[in-house]
file work26.pdb (PDB, C-alpha atoms)
ATOM      1  CA  MET A   1     -26.182   9.741 -42.353  1.00  0.00           C
ATOM      2  CA  VAL A   2     -27.414  12.972 -40.785  1.00  0.00           C
ATOM      3  CA  THR A   3     -27.908  11.351 -37.374  1.00  0.00           C
ATOM      4  CA  THR A   4     -24.373   9.938 -37.506  1.00  0.00           C
ATOM      5  CA  VAL A   5     -22.946  13.398 -38.163  1.00  0.00           C
ATOM      6  CA  LEU A   6     -25.073  14.887 -35.383  1.00  0.00           C
ATOM      7  CA  ASN A   7     -23.927  12.170 -32.980  1.00  0.00           C
ATOM      8  CA  LEU A   8     -20.309  12.854 -33.894  1.00  0.00           C
ATOM      9  CA  VAL A   9     -20.756  16.593 -33.413  1.00  0.00           C
ATOM     10  CA  SER A  10     -22.441  16.096 -30.032  1.00  0.00           C
ATOM     11  CA  PHE A  11     -19.630  13.715 -28.990  1.00  0.00           C
ATOM     12  CA  ALA A  12     -17.041  16.325 -29.989  1.00  0.00           C
ATOM     13  CA  LEU A  13     -18.895  19.040 -28.062  1.00  0.00           C
ATOM     14  CA  VAL A  14     -19.138  16.866 -24.948  1.00  0.00           C
ATOM     15  CA  THR A  15     -15.418  16.082 -25.204  1.00  0.00           C
ATOM     16  CA  LEU A  16     -14.588  19.778 -25.567  1.00  0.00           C
ATOM     17  CA  GLY A  17     -16.857  20.625 -22.637  1.00  0.00           C
ATOM     18  CA  ILE A  18     -15.164  18.030 -20.436  1.00  0.00           C
ATOM     19  CA  ALA A  19     -11.746  19.410 -21.387  1.00  0.00           C
ATOM     20  CA  LEU A  20     -12.801  22.999 -20.658  1.00  0.00           C
ATOM     21  CA  PHE A  21     -14.411  22.151 -17.307  1.00  0.00           C
ATOM     22  CA  ALA A  22     -11.386  20.070 -16.282  1.00  0.00           C
ATOM     23  CA  ALA A  23      -8.988  22.874 -17.219  1.00  0.00           C
ATOM     24  CA  PHE A  24     -11.080  25.362 -15.271  1.00  0.00           C
ATOM     25  CA  GLY A  25     -11.102  23.120 -12.200  1.00  0.00           C
ATOM     26  CA  ILE A  26      -7.351  22.528 -12.312  1.00  0.00           C
ATOM     27  CA  MET A  27      -6.598  26.218 -12.812  1.00  0.00           C
ATOM     28  CA  LEU A  28      -8.974  27.092  -9.967  1.00  0.00           C
ATOM     29  CA  ILE A  29      -7.328  24.769  -7.446  1.00  0.00           C
ATOM     30  CA  SER A  30      -3.934  26.047  -8.588  1.00  0.00           C
ATOM     31  CA  LYS A  31      -4.998  29.684  -8.179  1.00  0.00           C
ATOM     32  CA  LEU A  32      -6.462  29.027  -4.727  1.00  0.00           C
ATOM     33  CA  GLY A  33      -3.257  27.317  -3.615  1.00  0.00           C
ATOM     34  CA  LEU A  34      -4.967  23.994  -2.957  1.00  0.00           C
ATOM     35  CA  ARG A  35      -2.811  22.178  -5.475  1.00  0.00           C
ATOM     36  CA  ASP A  36       0.426  23.310  -3.810  1.00  0.00           C
ATOM     37  CA  MET A  37      -0.981  22.446  -0.395  1.00  0.00           C
ATOM     38  CA  ILE A  38      -1.894  18.933  -1.550  1.00  0.00           C
ATOM     39  CA  ILE A  39       1.532  18.459  -3.145  1.00  0.00           C
ATOM     40  CA  ALA A  40       3.224  19.496   0.104  1.00  0.00           C
ATOM     41  CA  ASP A  41       1.031  17.712   2.648  1.00  0.00           C
ATOM     42  CA  ALA A  42      -0.530  14.657   0.970  1.00  0.00           C
ATOM     43  CA  PRO A  43       0.879  11.132   0.907  1.00  0.00           C
ATOM     44  CA  LYS A  44       3.492  10.495  -1.781  1.00  0.00           C
ATOM     45  CA  LEU A  45       1.198   8.921  -4.395  1.00  0.00           C
ATOM     46  CA  LEU A  46      -1.396  11.693  -4.171  1.00  0.00           C
ATOM     47  CA  SER A  47       1.351  14.313  -4.112  1.00  0.00           C
ATOM     48  CA  MET A  48       2.895  12.895  -7.284  1.00  0.00           C
ATOM     49  CA  LEU A  49      -0.537  12.817  -8.959  1.00  0.00           C
ATOM     50  CA  PHE A  50      -1.186  16.492  -8.263  1.00  0.00           C
ATOM     51  CA  GLU A  51       2.317  17.472  -9.339  1.00  0.00           C
ATOM     52  CA  CYS A  52       1.984  15.870 -12.797  1.00  0.00           C
ATOM     53  CA  ASP A  53      -0.151  17.955 -15.203  1.00  0.00           C
ATOM     54  CA  PHE A  54      -0.918  14.972 -17.427  1.00  0.00           C
ATOM     55  CA  CYS A  55      -1.963  12.728 -14.524  1.00  0.00           C
ATOM     56  CA  LEU A  56      -4.151  15.402 -12.966  1.00  0.00           C
ATOM     57  CA  SER A  57      -5.713  16.134 -16.364  1.00  0.00           C
ATOM     58  CA  TRP A  58      -6.440  12.443 -16.937  1.00  0.00           C
ATOM     59  CA  TRP A  59      -8.083  11.828 -13.565  1.00  0.00           C
ATOM     60  CA  THR A  60     -10.083  15.051 -13.745  1.00  0.00           C
ATOM     61  CA  CYS A  61     -11.337  14.259 -17.258  1.00  0.00           C
ATOM     62  CA  LEU A  62     -12.151  10.703 -16.211  1.00  0.00           C
ATOM     63  CA  ALA A  63     -14.164  11.897 -13.225  1.00  0.00           C
ATOM     64  CA  LEU A  64     -16.052  14.428 -15.334  1.00  0.00           C
ATOM     65  CA  SER A  65     -16.762  11.909 -18.086  1.00  0.00           C
ATOM     66  CA  ILE A  66     -18.098   9.433 -15.508  1.00  0.00           C
ATOM     67  CA  LEU A  67     -20.350  12.199 -14.222  1.00  0.00           C
ATOM     68  CA  VAL A  68     -21.604  12.840 -17.766  1.00  0.00           C
ATOM     69  CA  ILE A  69     -22.141   9.096 -18.259  1.00  0.00           C
ATOM     70  CA  LEU A  70     -24.266   8.948 -15.116  1.00  0.00           C
ATOM     71  CA  PHE A  71     -26.532  11.674 -16.502  1.00  0.00           C
ATOM     72  CA  SER A  72     -26.647  10.471 -20.115  1.00  0.00           C
ATOM     73  CA  GLY A  73     -26.366   6.706 -19.750  1.00  0.00           C
ATOM     74  CA  ASN A  74     -24.062   6.521 -22.789  1.00  0.00           C
ATOM     75  CA  LEU A  75     -20.964   4.458 -21.929  1.00  0.00           C
ATOM     76  CA  LEU A  76     -19.307   5.472 -25.189  1.00  0.00           C
ATOM     77  CA  LEU A  77     -18.597   8.852 -23.597  1.00  0.00           C
ATOM     78  CA  LEU A  78     -15.869   7.178 -21.542  1.00  0.00           C
ATOM     79  CA  VAL A  79     -13.682   7.576 -24.635  1.00  0.00           C
ATOM     80  CA  SER A  80     -14.074  11.329 -24.282  1.00  0.00           C
ATOM     81  CA  ALA A  81     -11.850  11.226 -21.183  1.00  0.00           C
ATOM     82  CA  VAL A  82      -8.992   9.925 -23.321  1.00  0.00           C
ATOM     83  CA  LEU A  83      -9.569  12.563 -25.986  1.00  0.00           C
ATOM     84  CA  ALA A  84     -10.094  15.449 -23.538  1.00  0.00           C
ATOM     85  CA  THR A  85      -6.913  14.801 -21.535  1.00  0.00           C
ATOM     86  CA  PRO A  86      -4.400  16.262 -24.038  1.00  0.00           C
ATOM     87  CA  LEU A  87      -6.703  19.235 -24.624  1.00  0.00           C
ATOM     88  CA  THR A  88      -6.891  19.902 -20.907  1.00  0.00           C
ATOM     89  CA  ARG A  89      -3.155  19.609 -20.511  1.00  0.00           C
ATOM     90  CA  ARG A  90      -2.576  22.122 -23.302  1.00  0.00           C
ATOM     91  CA  LEU A  91      -5.074  24.514 -21.750  1.00  0.00           C
ATOM     92  CA  ILE A  92      -3.447  24.506 -18.302  1.00  0.00           C
ATOM     93  CA  VAL A  93       0.180  24.729 -19.439  1.00  0.00           C
TER      94      VAL A  93
END
call {"tool": "encode", "arguments": {"input": "work26.pdb", "output": "structure tokens"}}
result
Amino acid sequence: MVTTVLNLVSFALVTLGIALFAAFGIMLISKLGLRDMIIADAPKLLSMLFECDFCLSWWTCLALSILVILFSGNLLLLVSAVLATPLTRRLIV
């Protein structure tokens, strides 16, 4: 019982960490002007991806969760990308 609660708490903390790191990365590229540059100069699909806050949040959270999976070896953390995406979107808007 205690280990289940601890696992749930650690999963929630990893999900929150992914959301916070993703929001920081998106805000950083926006502040540096890289996001606007990519929207203006990239091919249409990539431009549309960077223009949509939800899409950019999803792909950023997915990339970060894959990075965490590579270090931890726990494939269940892939679900954290789905849960961190709305948090990230709310943080950047």
call {"tool": "residues_around", "arguments": {"input": "work26.pdb", "residues": "Arg90 of chain A", "least_positions_apart": "4", "cutoff": "9 Å", "atoms": "only C-alpha atoms", "output": "PyMOL selection string"}}
result
chain A and resi 23+85-86
call {"tool": "resolve_selection", "arguments": {"input": "work26.pdb", "expression": "the PyMOL selection byres ((chain A and resi 26) around 10)", "output": "list in words"}}
result
Leu20, Phe21, Ala22, Ala23, Phe24, Gly25, Met27, Leu28, Ile29, Ser30, Lys31, Leu34, Arg35, Phe50, Asp53, Leu56, Ser57, Thr60, Thr88, Arg89, Leu91 and Ile92 of chain A
call {"tool": "atom_distance", "arguments": {"input": "work26.pdb", "atom1": "atom CA of Phe71 of chain A", "atom2": "atom CA of Gly17 of chain A"}}
result
14.5 Å
call {"tool": "closest_residue", "arguments": {"input": "work26.pdb", "among": "A:Glu51, A:Leu70, A:Ser80, A:Leu87", "to": "Met37 of chain A", "atoms": "all atoms listed in the file"}}
result
A:Glu51
call {"tool": "atom_distance", "arguments": {"input": "work26.pdb", "atom1": "atom CA of Cys61 of chain A", "atom2": "atom CA of Ala84 of chain A"}}
result
6.5 Å
call {"tool": "residues_around", "arguments": {"input": "work26.pdb", "residues": "Ser47 of chain A", "least_positions_apart": "4", "cutoff": "10 Å", "atoms": "all atoms listed in the file", "output": "PyMOL selection string"}}
result
chain A and resi 35-43+51-52
call {"tool": "atom_distance", "arguments": {"input": "work26.pdb", "atom1": "atom CA of Leu75 of chain A", "atom2": "atom CA of Leu8 of chain A"}}
result
14.6 Å
